[in-house]
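Following: one structure in structure tokens, then a few remarks.
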Amino acid sequence: MLPAASSRRRTFAARYFARSKSLVMGEQSRSPGQLPCARGPGPVLKAGWLRKQRGLMKNWQQRWFVLRGDQLFYYKDKDETKPQGFLSLQGKQVTQLLPGPEEVGKHLFEISPGGAGEREKVPATPEALLLMASSQRDMEDWVQAIRRVIWAPFGGGIFGQRLEDIVHHERKYGPRLAPLLVEQCVDFIRERGLTEEGLFRMPGQATLVRDLQDSFDCGEKPLFDSTTDVHTVASLLKLYLRELPEPVVPFARGLWSWLSK
């Protein structure tokens, strides 16, 4: 079954009034006076400025956030070497929030307790961390990067990952030459879309495409049925291919072919 849009996103107002305090990052996951190594081995997966909600007064603080491994660190300034705090992403979930009428223009997302298999079961909690990005695109990039970290061990977080890594992971479930999402989309398009006018040119339903992306990124395997719009599936496939870190025809091979002409 396809995901319901209403079950994917909760309004900011409902979560705002349900929260009695915000999470001070690191308090629940470190020993007193001890922070994990924020500048140690391992690549920085994402870094940038975000605003986080602070304390019972719920005012906003701008901090420099760094996603490294399965830890999200924050600093008062971009050039600081010692983080003010951190949040372990193990056992967490990340959700985009729709702003209420009084919060129009704010790009909000939330990190809260709840890991694999618990995404729809966890109610609003005072331990949730509310963050605000500077733009819709920046928020989506942060949500995708964090979701990839959270769900990669469970077969999710596939958008934006290398083809080799996805195929290698999915081979543990059987022989596979392409990611399951690609096979599923291609099979559906072959069955229902080859005579469809404007295939890969006409856009699908944007909300449903985003919901399907969320489902695959969270380790789910939504099934397409007779009610599924083939243009939506084609748009999902285009989105997956567009977000590959390297295109299907690798950069090096394409350059070599161009130089050999």
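Each chain of the structure tokens is named A, B, ... in the order shown, its residues numbered from 1; ligands are numbered from 1 in display order.
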(message) Please list as a PyMOL selection string every residue within 12 Å of Ser226 of chain A, counting only C-alpha atoms and excluding residues in the same chain fewer than 2 positions away.
(response) chain A and resi 1-2+188-189+191-193+223-224+228-230
Would you save the residues from that selection as a PDB file, in the first residue's frame, using C-alpha atoms?
ATOM      1  CA  MET A   1       0.000   0.000   0.000  1.00  0.00           C
ATOM      2  CA  LEU A   2       1.093   3.554  -0.680  1.00  0.00           C
ATOM      3  CA  PHE A 188       5.796  -1.134 -13.040  1.00  0.00           C
ATOM      4  CA  ILE A 189       6.567   1.255 -15.919  1.00  0.00           C
ATOM      5  CA  GLU A 191       3.763  -3.164 -17.283  1.00  0.00           C
ATOM      6  CA  ARG A 192       1.612  -0.035 -17.238  1.00  0.00           C
ATOM      7  CA  GLY A 193       3.451   2.893 -18.779  1.00  0.00           C
ATOM      8  CA  LEU A 223       3.968  -1.565  -3.244  1.00  0.00           C
ATOM      9  CA  PHE A 224       2.517   0.001  -6.371  1.00  0.00           C
ATOM     10  CA  THR A 228      -0.839   4.134  -8.682  1.00  0.00           C
ATOM     11  CA  ASP A 229      -0.190   6.853 -11.244  1.00  0.00           C
ATOM     12  CA  VAL A 230       2.562   5.757 -13.618  1.00  0.00           C
TER      13      VAL A 230
END
Could you give me, as CSV, every segment 173-224 of chain A residue with an atom at most 12 Å from segment 126-149 of chain A, plus its closest atom pair and distance in Å to one decimal, counting only C-alpha atoms, rows ordered by chain then number?
residue,atom,partner,partner_atom,distance
A:Arg210,CA,A:Glu140,CA,10.5
A:Gln213,CA,A:Gln144,CA,9.8
A:Asp214,CA,A:Gln144,CA,8.8
A:Ser215,CA,A:Arg147,CA,10.9
A:Phe216,CA,A:Arg148,CA,10.6
A:Asp217,CA,A:Arg148,CA,6.9
A:Cys218,CA,A:Arg147,CA,7.2
A:Gly219,CA,A:Arg148,CA,9.9
Can you write out the residues you just picked, keeping C-alpha atoms, as a PDB file, in the first residue's frame?
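Writing the result to selection26.pdb gives the following:
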ATOM      1  CA  ARG A 210       7.885  12.768  -1.550  1.00  0.00           C
ATOM      2  CA  GLN A 213      10.781   8.721  -1.058  1.00  0.00           C
ATOM      3  CA  ASP A 214      10.246   8.967   2.700  1.00  0.00           C
ATOM      4  CA  SER A 215       9.017   5.364   2.802  1.00  0.00           C
ATOM      5  CA  PHE A 216      11.964   3.925   0.856  1.00  0.00           C
ATOM      6  CA  ASP A 217      14.406   6.064   2.862  1.00  0.00           C
ATOM      7  CA  CYS A 218      12.924   4.690   6.088  1.00  0.00           C
ATOM      8  CA  GLY A 219      13.472   1.072   5.082  1.00  0.00           C
TER       9      GLY A 219
END
(message) Measuring between only C-alpha atoms, which one of A:Leu244, A:Leu194, A:Leu67, A:Leu180 shows the shortest distance to Lys221 of chain A?
(response) A:Leu180
(request) Select from segment 23-247 of chain A everything DSSP, run on the backbone, classes as helix (DSSP H, G or I), then give the selection as a ChimeraX atom specification. (result) /A:101-103,136-154,163-173,180-192,206-217,230-242
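Relative to atom CA of Gly156 of chain A, atom CA of Phe65 of chain A is found at 23.1 Å.
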(message) I'd like to know which of A:Trp49, A:Phe73, A:Trp64, A:Tyr240 is closest to Gly160 of chain A, using only C-alpha atoms.
(response)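 Closest to Gly160 of chain A of all the choices is A:Tyr240.
Ranking A:Leu50, A:Val44, A:Leu163, A:Val248 by their shortest atom-to-atom distance to His107 of chain A, with only C-alpha atoms included, puts A:Leu50 first.
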(request) Could you tell me how far atom CA of Pro43 of chain A lies from atom CA of Gly69 of chain A, in Å and to one decimal? (result)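 Straight-line distance from atom CA of Pro43 of chain A to atom CA of Gly69 of chain A works out to 7.5 Å.
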(message) So that I can check the secondary structure, give me every residue of segment 53-84 of chain A assigned strand (DSSP E or B) by backbone DSSP, as a list in words.
(response)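 Secondary structure check on segment 53-84 of chain A, strand (DSSP E or B): Gln53, Arg54, Asn59, Trp60, Gln61, Gln62, Arg63, Trp64, Phe65, Val66, Leu67, Arg68, Gln71, Leu72, Phe73, Tyr74 and Tyr75 of chain A.
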(request) Quote the spacing between atom CA of Thr207 of chain A and atom CA of Val182 of chain A in Å to one decimal place. (result)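 Distance between the two atoms: 19.7 Å.
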(message) Considering only C-alpha atoms, can you say which of A:Val209, A:Val94, A:Leu199, A:Leu236 comes closest to Trp151 of chain A?
(response)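 Looking at the shortest contact to Trp151 of chain A, the residue is A:Val94.
Shortest separation to Glu80 of chain A among A:Arg63, A:Lys92, A:Lys58, A:His231 occurs at residue A:Arg63, atoms counted being only C-alpha atoms.
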